[in-house]
Number of protein chains: 8
Amino acid sequence: MNQQTLHRLLEAVAQGRTSVDQAQQELVHLAVEDIQYAHIDHHRSLRKGFPEVIFGEGKTTEHIIGILDKMSSQEQVVLVTRVDAEKAHAITGRYQDASYDAEAKMVIYQKAPLEKRGRGTIGILSAGTSDIPVAMEAFLTADAMGNTVQTVFDVGVAGIHRLFAHKAFLESATVLIVVAGMEGALPSVVAGLVKCPVIAVPTSIGYGVSLGGLTALFGMLNSCSSNVAVVNIDNGFGAGYMASCINQT
Amino acid sequence: MNQQTLHRLLEAVAQGRTSVDQAQQELVHLAVEDIQYAHIDHHRSLRKGFPEVIFGEGKTTEHIIGILDKMSSQEQVVLVTRVDAEKAHAITGRYQDASYDAEAKMVIYQKAPLEKRGRGTIGILSAGTSDIPVAMEAFLTADAMGNTVQTVFDVGVAGIHRLFAHKAFLESATVLIVVAGMEGALPSVVAGLVKCPVIAVPTSIGYGVSLGGLTALFGMLNSCSSNVAVVNIDNGFGAGYMASCINQT
Amino acid sequence: MNQQTLHRLLEAVAQGRTSVDQAQQELVHLAVEDIQYAHIDHHRSLRKGFPEVIFGEGKTTEHIIGILDKMSSQEQVVLVTRVDAEKAHAITGRYQDASYDAEAKMVIYQKAPLEKRGRGTIGILSAGTSDIPVAMEAFLTADAMGNTVQTVFDVGVAGIHRLFAHKAFLESATVLIVVAGMEGALPSVVAGLVKCPVIAVPTSIGYGVSLGGLTALFGMLNSCSSNVAVVNIDNGFGAGYMASCINQT
Amino acid sequence: MNQQTLHRLLEAVAQGRTSVDQAQQELVHLAVEDIQYAHIDHHRSLRKGFPEVIFGEGKTTEHIIGILDKMSSQEQVVLVTRVDAEKAHAITGRYQDASYDAEAKMVIYQKAPLEKRGRGTIGILSAGTSDIPVAMEAFLTADAMGNTVQTVFDVGVAGIHRLFAHKAFLESATVLIVVAGMEGALPSVVAGLVKCPVIAVPTSIGYGVSLGGLTALFGMLNSCSSNVAVVNIDNGFGAGYMASCINQT
Amino acid sequence: MNQQTLHRLLEAVAQGRTSVDQAQQELVHLAVEDIQYAHIDHHRSLRKGFPEVIFGEGKTTEHIIGILDKMSSQEQVVLVTRVDAEKAHAITGRYQDASYDAEAKMVIYQKAPLEKRGRGTIGILSAGTSDIPVAMEAFLTADAMGNTVQTVFDVGVAGIHRLFAHKAFLESATVLIVVAGMEGALPSVVAGLVKCPVIAVPTSIGYGVSLGGLTALFGMLNSCSSNVAVVNIDNGFGAGYMASCINQT
Amino acid sequence: MNQQTLHRLLEAVAQGRTSVDQAQQELVHLAVEDIQYAHIDHHRSLRKGFPEVIFGEGKTTEHIIGILDKMSSQEQVVLVTRVDAEKAHAITGRYQDASYDAEAKMVIYQKAPLEKRGRGTIGILSAGTSDIPVAMEAFLTADAMGNTVQTVFDVGVAGIHRLFAHKAFLESATVLIVVAGMEGALPSVVAGLVKCPVIAVPTSIGYGVSLGGLTALFGMLNSCSSNVAVVNIDNGFGAGYMASCINQT
Amino acid sequence: MNQQTLHRLLEAVAQGRTSVDQAQQELVHLAVEDIQYAHIDHHRSLRKGFPEVIFGEGKTTEHIIGILDKMSSQEQVVLVTRVDAEKAHAITGRYQDASYDAEAKMVIYQKAPLEKRGRGTIGILSAGTSDIPVAMEAFLTADAMGNTVQTVFDVGVAGIHRLFAHKAFLESATVLIVVAGMEGALPSVVAGLVKCPVIAVPTSIGYGVSLGGLTALFGMLNSCSSNVAVVNIDNGFGAGYMASCINQT
Amino acid sequence: MNQQTLHRLLEAVAQGRTSVDQAQQELVHLAVEDIQYAHIDHHRSLRKGFPEVIFGEGKTTEHIIGILDKMSSQEQVVLVTRVDAEKAHAITGRYQDASYDAEAKMVIYQKAPLEKRGRGTIGILSAGTSDIPVAMEAFLTADAMGNTVQTVFDVGVAGIHRLFAHKAFLESATVLIVVAGMEGALPSVVAGLVKCPVIAVPTSIGYGVSLGGLTALFGMLNSCSSNVAVVNIDNGFGAGYMASCINQT
């Protein structure tokens, strides 16, 4: 679906050549493709500036490929998140434009990288080494959406001077993504040092009362710094997407 | 147990030919068959219009077959829910009238399909592709109980025009089943558009604070639309059964 | 907004006398009245067969009256739920067509009672005496919506023969509402006896691990009877509304 | 350790032949055997009428056998709970007086069955077929402790006439154990029918908001019948033990 | 309703003088009195050896008195639990046979104390001074039901020698009730010392992660001693009732 | 503390006139004022572009005024959140530059309004009338920080056409704040329609399983739309602050 | 009870002048005074170096004074925690050696201050101004137990340079108490800077998902610094007591 | 990094030979080594007296070895916690100074054991046999940090005389670590007997409402003894580390 087709249709309605009911149906069908197990939302690119992303968890390889077949015909870039190595192998075997990042568990299908756009740089920090997979999901998402992205890993609050060594980096970013598990304290400290918005990402790293990431999540929502908003546990993708929206609006 | 046997017994009591104690015992034993590990409730068909359904989870194959042996001699249709492929294979190997749906994990034993009855059509919607197995359990249940059923899948709220394309379908149903995971918002939106009752089914699809479906469940119970009632997480069977009761009362 | 106005507008569109954009705007404005603190949905009567209900909790008396002023000019019946005595006094003082039920904490504004409609009778049961206020909210709602409703109170499972004395009543209903706190076992037992749909309403009656009604709620969602669906804790209104939808569809 | 040894020691203290400190130490060492990874409490038989029971979960086969070696030299009966088939095989291979019940996952070591004692009969009910393993753990425990025990399975509240068929059984018991998962309603109904104490055992059978048995547990603790007390989820052993204490005190 | 009336009725049925339907109705109506807001279960005395107990919380003074009027005409003893001073005043003002215990918040109506019955003594312990109101509710209940009861207060585990000073008392009881808040450890320690059954009562005493008594409750359910069963938080009444059942069966 | 003072100090260090230790101490003391019960962070304006905000809850009037005294001497604008009417009266009585908004419970001290800055407009939506106080807190914060802000209230998903009437408004914003209680579905629907970042604010409006706002919070964190990040329950202030950071970076 | 009395008694036992049973009874009675509603543990001073502390919450003024009467006759210092102003007034009116701290809600009865003892200084930090009451409870406890104590308030992580200004203080302490609400991040940061043990005290300050202090508690238990142990929410008293034990062992 | 290098650098700054910025950078870089996936904190030994400990869970073998390579060149002792046998094999195969304890799942790399230091003995108790792995983690940690440590296992409260046999041991310790699962009552009882600080470690041993250790944790935090502080569930390492800090400060 593109702007031209759309314009032509609307003129037909205005001139009485097409009834309202027909137009509505046509618009919807152009925009949404029903393949039984999925309603593919081709209109999303138009509306939101980036196509639908395929959430791989709980979908069969057949369903993922079926959806990708339809989307790849119309889109420049398609992301598939949370795919294990086996499914990923089947996908990358079929599309030469697709590659797999095993750490972030993402397949990135792109005919060519998007041009860099956006007002500045997205910075991504992780509190620990174990938080890196989530941070990488954020990195790959923001990168694929056409942003300049930089990362600094393992700078948690137990040795806070490690963070201060990167102060210039912190201050230069347009938006920061801060990934942390366990007590999830890093976003509060970082946000206290900068004026840009901070997207906090809790991870499920920890044990006992880390409660699968709930403790880090709740800690971040209670941050005593105010320039913090939070996404779901382990949701690196969402953080990258949100940061991109902030950087590109 | 059928209406005739029942009537004869009650007359015998009225005429003093059978003592109250004897009658009570007889009635109970006709109606309930004790096979050690199960009390089979043959009376249920009579009382509720549909026989007991076998909940397969946590039962051995031997127990399932033992119960099915007894029920199949008296019933037209028997459903077994939540059976994995291995157990299902053993069952369908023994009964030629039984078939297995791997997506919904159900065995359907039926000598012949029930005649369609009920006042109208039951509509089933799913928010995402990953919610389809639960939606299919609802479909197969309602279908086996003799209802006309139609489905529309993957019309979640992130692209709400996909839903509006099916407005005629929504308005024609006697009762709607709406299946959704993650934030579980679809039933509220659907129920706001129609006047028929809506059965909401939360699924365990999601991660982090989806909390295994609790978030969707609680969201649905808090629906700001009033024509919504809710069943347990992933309980497609219960939704199909409840919708059938509504459609057939 | 009524059917006539609507028809005239749509003809104008069909005949090209009104542009699509104009029609859309007009429709929306006819249907939705924006009074700053509320968007009153006059279209709801048309769409759902019953007007918006005012949820009184957390609204000022001024806001409630402001909304009621607008709605009462267009509607036959308006319900206000969860209003304390003081607010209720202010409302009934202003509208002679409004009355207050202190037990159910509802204001019912009605120019004249709706004619009885629906396929049969709605039965309402409560497990205990303390559950009666919630049961009354269900009763008043279903009654105001034009249903025939009957009640039986205090028939909980600790003395189950109390329930059996009302077996004829149970079997004659088109739909049953069962209200219970504490362990919330009554809906399972009732649903096991009947073939009609059962709406279960957990109440916050109890202490300790009744957890403000969560235990009853979860028990009802786990009912081993299948013809049960559940509404939010203490949501007598929702149960009455849902039962009415079932009875009238 | 037996009553005789004990008596002799205490006389020595009374006659000044043994100092208090020595006596204390001796008593403790006679009673408690320290084998590094366990302090075996030989005194328990004396004090509580039944020896320590070995909780098998989380113990290595070596540890279980090491403890059993020490206990079997002094005790008539030893129970090992929650052992899988593999561990059980190693144990029964070593002791000819030990047998394994795979359903209840218990090893029962007994040189000879204890004589029946206690005031009456312990009755055990299960709500469903899937609750039987927990009920069997209760059965085997109470039986090994020298009680007369009877069982009735699969009489849950969805078909409550199945329960009423066993009214004589219910009324004849000294104490009842009622095992149920899902909504856990059976103990309330049973306790409403009898005057003896009822031990309720929640099971983890169910899904969604059964919450691994928490819902059944909370329901039972909120029972509107008063002659009910509750043990931990799936704790058939504890229920059998407690019922035995009641029956034998 | 008494045994004689019952017998006469049953004979009439046996001799055909009364139809089954009539007998059933009669029995139910004799046993259950419907006063609109309550179904009074007169049959309970017969069935359970003690009449229904009125749970005062959430009932109006009018309802409590209405129920008491009906019950007092047929029963020797009636208990009303969880009544505040104001309601209690209204009740004791009306019945000279009723007295109020402000600590336990109970009204005890008794024409004359029941004769002592039961096999032995019920012992009640509290861990702290603040747990006494719950312990007193247990005491008054067990006492009113005709048991010999003794109490020892404030013997928690932080100074465990306080408990040991009462060892003779512990060993002489037929059943022990142990009331504790905070970490709820006392029942485990006590149960480890005795062979009789122990009823554990968690209280809501504590703050922070005492979670309104949930921590004590869960601790008691996880007791490493096996002769322990548990009732709801602050449920002194239930503990006293259950202990009485154990002592009198 | 201003840029000039800072520059002079740093030159003194560079030229060896001031030792590192002295400089550090001076800097800290200039920036942080210790008044016993508070360490006032005067450096925050410099570092973050907006001074510290006083969280009024749990602070005495004396403490609030003490802190305000120090801050008002150095800052143009100071916000005090979550102050009740009584405390607010004391504050506005003392400072003529302070005003109180009773709905949002905020005191705004400003010598003169800040000039409008930022790239565009911040839009604020509320799902219901009862969510307005939280939305107003967001409005006042973003407004005081120098942003252009617009609001639309009561456009929840139960009547979704109310939202569509404001589509132009939605598409024109740089960033949207969406405030909702109950099931919290509005942010997902809104975010599905726009490409700008959406800040979701759950409110504690609702009852039963709204769980004081947790359900709305979790629903928002599970949003199937990706351009959503979330702040704490009822945290209108944080949402306004975060939106301002996004609009002004 | 003092060391002399104790020695004399033990000699009598050794010489056979006192039987074991008598000695045991005597010892217990000397050490424990039973005043019905409390078992006063006079032995605690001897055993633990500090007498029992009276937890005032949920005790009547009469009970507190009754216990204090007994204790003040034997002890130098007695603490009463969590007493409101009214109760405190009654207590300080009766004992001239008692004083009340309204912020910490503690009554301190001391004939004369204890001499300072312990190896060094206890440092107490609070994250915010609102955390001061809890910090003061810790201060008064540790002070009354004879420790040198110093405090620094309002140095939370949103402006972390405030903390660094007190580095010398941090490094000089033998043990640190760190009090924080909201996300509870301060103890992790502090513990990362020092080598001494850190006692973390979560407070209930915050709203929404601060969950009454649970979030701070869980964050502290998940601290990525290892020299941290935690006490209950708002338990300033326990932190002061534990720090004193560490400082004085 | 050692004290000499540090001193030389600081002199250079004092004498103006090195600018502040350069010094800062140098210090940070000396202290923190950035190897992409980790920022190794070499400064920690200097600051905290013991180097960083590698948390093995969720790290690849490659990452663990990479970090160990860097640390082993500078440190005498390095601990790796929570490593399974396979990873451990790879590590010990590479370093001859490393050994693996399979029960505690720890790798201990040490060139030579540290000399014993600290004021006294650390005592470690476990409530059950199944708690030993956690107790061993505490033992190995405290031992590797140069403390004298002693252990007593399986002395839980169900047979409390087992504990009393070790009274001398309890009283001789400088600090006690008490490890317990299920109801977690042991620390309260132990702390009531001694005056030294007690570190309580909850374990995940148990089932049902042990809730993976939460019940033991909450019980310990609610301890009615005051000389108790708590670490995370199963955190033997943290307990050993904290005890060492207490013993060595």
# chains A, B, ... in the order shown; residues from 1 in each chain; ligands from 1
>>> interface_residues(of="chain A", to="chain B", cutoff="8 Å", atoms="only C-alpha atoms", output="list in words")
Gln25, Val28, Val32, Gln36, Tyr37, Ala38, His39, Asp41, Arg44, Gly58, Lys59, Gly212, Gly213, Leu214, Asn232, Ile233 and Asp234 of chain A
>>> select_by_dssp(residues="segment 11-215 of chain C", states="alpha helix (DSSP H)", output="PyMOL selection string")
chain C and resi 11-14+20-31+43-48+61-72+85-94+132-144+161-164+167-172+186-193+214-215
>>> residues_around(residues="Pro51 of chain D", least_positions_apart="6", cutoff="12 Å", atoms="only C-alpha atoms", output="CSV table (one decimal) with all heavy atoms, in the first residue's frame")
chain,number,residue,atom,x,y,z
D,1,MET,N,17.3,-46.1,71.8
D,1,MET,CA,17.1,-45.6,73.1
D,1,MET,C,15.7,-46.1,73.6
D,1,MET,O,14.7,-45.9,73.0
D,1,MET,CB,17.0,-44.1,73.1
D,1,MET,CG,16.4,-43.4,74.2
D,1,MET,SD,17.6,-42.2,74.9
D,1,MET,CE,17.6,-42.8,76.6
D,31,ALA,N,20.4,-40.0,72.3
D,31,ALA,CA,19.2,-39.7,71.6
D,31,ALA,C,19.5,-39.2,70.2
D,31,ALA,O,18.7,-39.3,69.3
D,31,ALA,CB,18.4,-38.6,72.4
D,40,ILE,N,20.6,-37.6,63.6
D,40,ILE,CA,19.4,-38.5,63.7
D,40,ILE,C,18.8,-38.5,65.1
D,40,ILE,O,19.5,-38.6,66.1
D,40,ILE,CB,19.8,-40.0,63.3
D,40,ILE,CG1,20.3,-39.9,61.8
D,40,ILE,CG2,18.7,-40.9,63.4
D,40,ILE,CD1,21.1,-41.1,61.4
D,41,ASP,N,17.5,-38.3,65.1
D,41,ASP,CA,16.8,-38.0,66.3
D,41,ASP,C,16.2,-39.3,66.8
D,41,ASP,O,15.0,-39.5,66.7
D,41,ASP,CB,15.7,-37.0,66.0
D,41,ASP,CG,15.0,-36.5,67.3
D,41,ASP,OD1,15.2,-37.0,68.4
D,41,ASP,OD2,14.1,-35.6,67.1
D,42,HIS,N,17.0,-40.2,67.5
D,42,HIS,CA,16.4,-41.5,67.9
D,42,HIS,C,15.4,-41.3,69.1
D,42,HIS,O,14.6,-42.1,69.4
D,42,HIS,CB,17.6,-42.4,68.4
D,42,HIS,CG,18.5,-42.8,67.4
D,42,HIS,ND1,18.1,-43.4,66.2
D,42,HIS,CD2,19.8,-42.7,67.2
D,42,HIS,CE1,19.1,-43.7,65.4
D,42,HIS,NE2,20.2,-43.3,66.0
D,43,HIS,N,15.5,-40.1,69.7
D,43,HIS,CA,14.6,-39.8,70.8
D,43,HIS,C,13.2,-39.6,70.3
D,43,HIS,O,12.2,-39.7,71.1
D,43,HIS,CB,15.1,-38.6,71.5
D,43,HIS,CG,14.4,-38.2,72.7
D,43,HIS,ND1,13.3,-37.3,72.7
D,43,HIS,CD2,14.6,-38.6,74.0
D,43,HIS,CE1,12.9,-37.2,74.0
D,43,HIS,NE2,13.6,-37.9,74.8
D,44,ARG,N,13.0,-39.4,69.0
D,44,ARG,CA,11.7,-39.0,68.6
D,44,ARG,C,10.6,-40.1,68.8
D,44,ARG,O,9.5,-39.8,69.2
D,44,ARG,CB,11.7,-38.6,67.1
D,44,ARG,CG,10.5,-37.9,66.7
D,44,ARG,CD,10.5,-37.2,65.3
D,44,ARG,NE,11.6,-36.2,65.3
D,44,ARG,CZ,11.8,-35.4,64.3
D,44,ARG,NH1,11.0,-35.4,63.2
D,44,ARG,NH2,12.8,-34.5,64.3
D,45,SER,N,11.0,-41.4,68.6
D,45,SER,CA,10.1,-42.5,68.9
D,45,SER,C,9.5,-42.4,70.3
D,45,SER,O,8.3,-42.5,70.5
D,45,SER,CB,10.8,-43.8,68.7
D,45,SER,OG,10.6,-44.3,67.4
D,68,LEU,N,18.9,-44.2,56.7
D,68,LEU,CA,18.1,-45.4,56.9
D,68,LEU,C,18.9,-46.5,57.6
D,68,LEU,O,18.4,-47.3,58.5
D,68,LEU,CB,17.7,-45.9,55.5
D,68,LEU,CG,16.4,-46.7,55.4
D,68,LEU,CD1,15.2,-46.2,56.2
D,68,LEU,CD2,16.0,-46.8,53.9
D,70,LYS,N,21.1,-46.2,59.9
D,70,LYS,CA,21.1,-45.9,61.3
D,70,LYS,C,19.7,-46.2,61.9
D,70,LYS,O,19.6,-46.7,63.0
D,70,LYS,CB,21.5,-44.5,61.6
D,70,LYS,CG,23.0,-44.1,61.2
D,70,LYS,CD,24.0,-44.9,62.0
D,70,LYS,CE,25.4,-44.6,61.6
D,70,LYS,NZ,26.4,-45.3,62.4
D,71,MET,N,18.7,-45.7,61.3
D,71,MET,CA,17.4,-45.8,61.8
D,71,MET,C,16.8,-47.2,61.8
D,71,MET,O,16.2,-47.6,62.8
D,71,MET,CB,16.4,-44.9,61.0
D,71,MET,CG,16.7,-43.4,61.2
D,71,MET,SD,15.4,-42.4,60.4
D,71,MET,CE,14.1,-42.7,61.5
D,72,SER,N,17.1,-48.0,60.8
D,72,SER,CA,16.5,-49.3,60.7
D,72,SER,C,17.1,-50.2,61.8
D,72,SER,O,16.4,-51.2,62.2
D,72,SER,CB,16.8,-49.9,59.3
D,72,SER,OG,18.2,-50.0,59.1
D,74,GLN,N,17.2,-49.4,64.8
D,74,GLN,CA,16.5,-49.1,66.1
D,74,GLN,C,15.0,-49.1,65.9
D,74,GLN,O,14.3,-49.1,66.9
D,74,GLN,CB,16.9,-47.7,66.6
D,74,GLN,CG,18.4,-47.7,66.9
D,74,GLN,CD,18.7,-46.7,68.0
D,74,GLN,OE1,17.8,-46.2,68.7
D,74,GLN,NE2,20.0,-46.5,68.2
D,75,GLU,N,14.5,-49.0,64.7
D,75,GLU,CA,13.0,-48.7,64.5
D,75,GLU,C,12.4,-49.9,63.8
D,75,GLU,O,13.0,-50.6,63.0
D,75,GLU,CB,12.8,-47.4,63.7
D,75,GLU,CG,13.5,-46.2,64.3
D,75,GLU,CD,12.9,-45.8,65.6
D,75,GLU,OE1,11.9,-46.3,66.1
D,75,GLU,OE2,13.5,-44.8,66.3
D,76,GLN,N,11.1,-50.0,64.1
D,76,GLN,CA,10.2,-51.1,63.5
D,76,GLN,C,9.8,-50.6,62.1
D,76,GLN,O,9.7,-51.4,61.1
D,76,GLN,CB,9.0,-51.2,64.4
D,76,GLN,CG,8.1,-52.3,64.1
D,76,GLN,CD,8.7,-53.6,64.6
D,76,GLN,OE1,9.8,-53.7,65.2
D,76,GLN,NE2,8.0,-54.7,64.3
D,77,VAL,N,9.5,-49.3,62.0
D,77,VAL,CA,8.9,-48.8,60.7
D,77,VAL,C,9.7,-47.5,60.4
D,77,VAL,O,9.9,-46.7,61.3
D,77,VAL,CB,7.4,-48.4,60.9
D,77,VAL,CG1,6.9,-47.9,59.6
D,77,VAL,CG2,6.6,-49.6,61.4
D,78,VAL,N,10.1,-47.3,59.1
D,78,VAL,CA,10.6,-46.0,58.7
D,78,VAL,C,10.0,-45.7,57.4
D,78,VAL,O,9.9,-46.5,56.5
D,78,VAL,CB,12.2,-46.1,58.6
D,78,VAL,CG1,12.7,-44.7,58.2
D,78,VAL,CG2,12.8,-46.6,59.8
D,79,LEU,N,9.6,-44.4,57.3
D,79,LEU,CA,9.0,-44.0,56.0
D,79,LEU,C,10.0,-43.0,55.3
D,79,LEU,O,10.6,-42.2,55.9
D,79,LEU,CB,7.7,-43.2,56.2
D,79,LEU,CG,6.6,-43.9,57.0
D,79,LEU,CD1,5.3,-43.0,57.2
D,79,LEU,CD2,6.2,-45.2,56.4
D,80,VAL,N,10.0,-43.2,54.0
D,80,VAL,CA,10.8,-42.2,53.1
D,80,VAL,C,9.8,-41.6,52.1
D,80,VAL,O,9.2,-42.3,51.3
D,80,VAL,CB,12.0,-42.9,52.4
D,80,VAL,CG1,12.9,-41.8,51.8
D,80,VAL,CG2,12.7,-43.8,53.3
D,109,TYR,N,9.6,-48.9,54.9
D,109,TYR,CA,10.4,-49.9,55.5
D,109,TYR,C,9.7,-50.4,56.7
D,109,TYR,O,9.4,-49.6,57.6
D,109,TYR,CB,11.8,-49.4,55.8
D,109,TYR,CG,12.6,-50.3,56.7
D,109,TYR,CD1,13.6,-51.1,56.1
D,109,TYR,CD2,12.4,-50.3,58.1
D,109,TYR,CE1,14.3,-51.9,56.9
D,109,TYR,CE2,13.2,-51.1,58.9
D,109,TYR,CZ,14.1,-52.0,58.3
D,109,TYR,OH,14.9,-52.8,59.1
D,110,GLN,N,9.3,-51.7,56.8
D,110,GLN,CA,8.7,-52.1,58.0
D,110,GLN,C,9.1,-53.6,58.3
D,110,GLN,O,8.9,-54.5,57.4
D,110,GLN,CB,7.2,-51.9,58.1
D,110,GLN,CG,6.3,-52.4,57.1
D,110,GLN,CD,4.9,-51.9,57.3
D,110,GLN,OE1,4.5,-51.3,58.2
D,110,GLN,NE2,4.1,-52.3,56.3
D,144,ALA,N,0.6,-47.1,57.8
D,144,ALA,CA,1.8,-47.6,58.4
D,144,ALA,C,1.9,-47.2,59.9
D,144,ALA,O,2.6,-47.9,60.6
D,144,ALA,CB,3.0,-47.0,57.6
D,145,MET,N,1.2,-46.2,60.3
D,145,MET,CA,1.2,-45.8,61.7
D,145,MET,C,0.2,-46.6,62.5
D,145,MET,O,0.0,-46.3,63.7
D,145,MET,CB,0.9,-44.3,61.8
D,145,MET,CG,2.1,-43.4,61.2
D,145,MET,SD,1.7,-41.6,61.2
D,145,MET,CE,2.0,-41.2,63.0
D,241,TYR,N,-0.4,-38.2,58.9
D,241,TYR,CA,0.3,-38.1,60.2
D,241,TYR,C,-0.6,-37.4,61.2
D,241,TYR,O,-0.9,-37.9,62.3
D,241,TYR,CB,1.6,-37.4,60.1
D,241,TYR,CG,2.5,-37.6,61.2
D,241,TYR,CD1,3.6,-38.4,61.2
D,241,TYR,CD2,2.3,-36.9,62.4
D,241,TYR,CE1,4.5,-38.6,62.3
D,241,TYR,CE2,3.1,-37.0,63.5
D,241,TYR,CZ,4.2,-37.9,63.4
D,241,TYR,OH,5.0,-38.0,64.5
E,192,GLY,N,7.1,-30.4,67.9
E,192,GLY,CA,8.3,-31.2,68.0
E,192,GLY,C,8.4,-31.9,69.4
E,192,GLY,O,9.2,-32.9,69.6
E,195,LYS,N,3.2,-35.4,71.3
E,195,LYS,CA,2.6,-36.4,70.3
E,195,LYS,C,1.2,-36.1,70.0
E,195,LYS,O,0.6,-36.7,69.1
E,195,LYS,CB,2.8,-37.8,70.8
E,195,LYS,CG,2.1,-38.2,72.1
E,195,LYS,CD,2.1,-39.7,72.4
E,195,LYS,CE,3.5,-40.3,72.7
E,195,LYS,NZ,3.4,-41.5,73.5
E,225,SER,N,7.6,-30.0,61.7
E,225,SER,CA,6.9,-31.0,62.5
E,225,SER,C,5.7,-31.5,61.8
E,225,SER,O,5.0,-30.7,61.2
E,225,SER,CB,6.6,-30.4,63.9
E,225,SER,OG,7.8,-30.0,64.5
E,226,SER,N,5.3,-32.7,62.0
E,226,SER,CA,4.2,-33.2,61.1
E,226,SER,C,2.8,-33.2,61.8
E,226,SER,O,1.8,-33.4,61.2
E,226,SER,CB,4.5,-34.7,60.7
E,226,SER,OG,5.7,-34.7,60.0
H,159,GLY,N,13.3,-31.0,66.4
H,159,GLY,CA,13.8,-31.8,67.5
H,159,GLY,C,14.9,-30.9,68.2
H,159,GLY,O,16.1,-31.0,68.0
>>> residues_around(residues="Ala173 of chain H", least_positions_apart="3", cutoff="7 Å", atoms="only C-alpha atoms", output="list in words")
Gly120, Thr121, Ile122, Gly123, Phe169, Leu170 and Leu176 of chain H
>>> atom_distance(atom1="atom CA of Phe139 of chain C", atom2="atom CA of Ser172 of chain C")
17.1 Å
>>> residues_around(residues="Ile64 of chain C", least_positions_apart="5", cutoff="9 Å", atoms="only C-alpha atoms", output="list in words")
Ile54, Phe55, Gly56, Lys59, Asp69, Val80, Lys87 and Ile91 of chain C
>>> select_by_dssp(residues="segment 104-189 of chain H", states="strand (DSSP E or B)", output="PyMOL selection string")
chain H and resi 106-110+121-126+148-152+175-180
>>> atom_distance(atom1="atom CA of Asp101 of chain G", atom2="atom CA of Pro187 of chain G")
25.9 Å
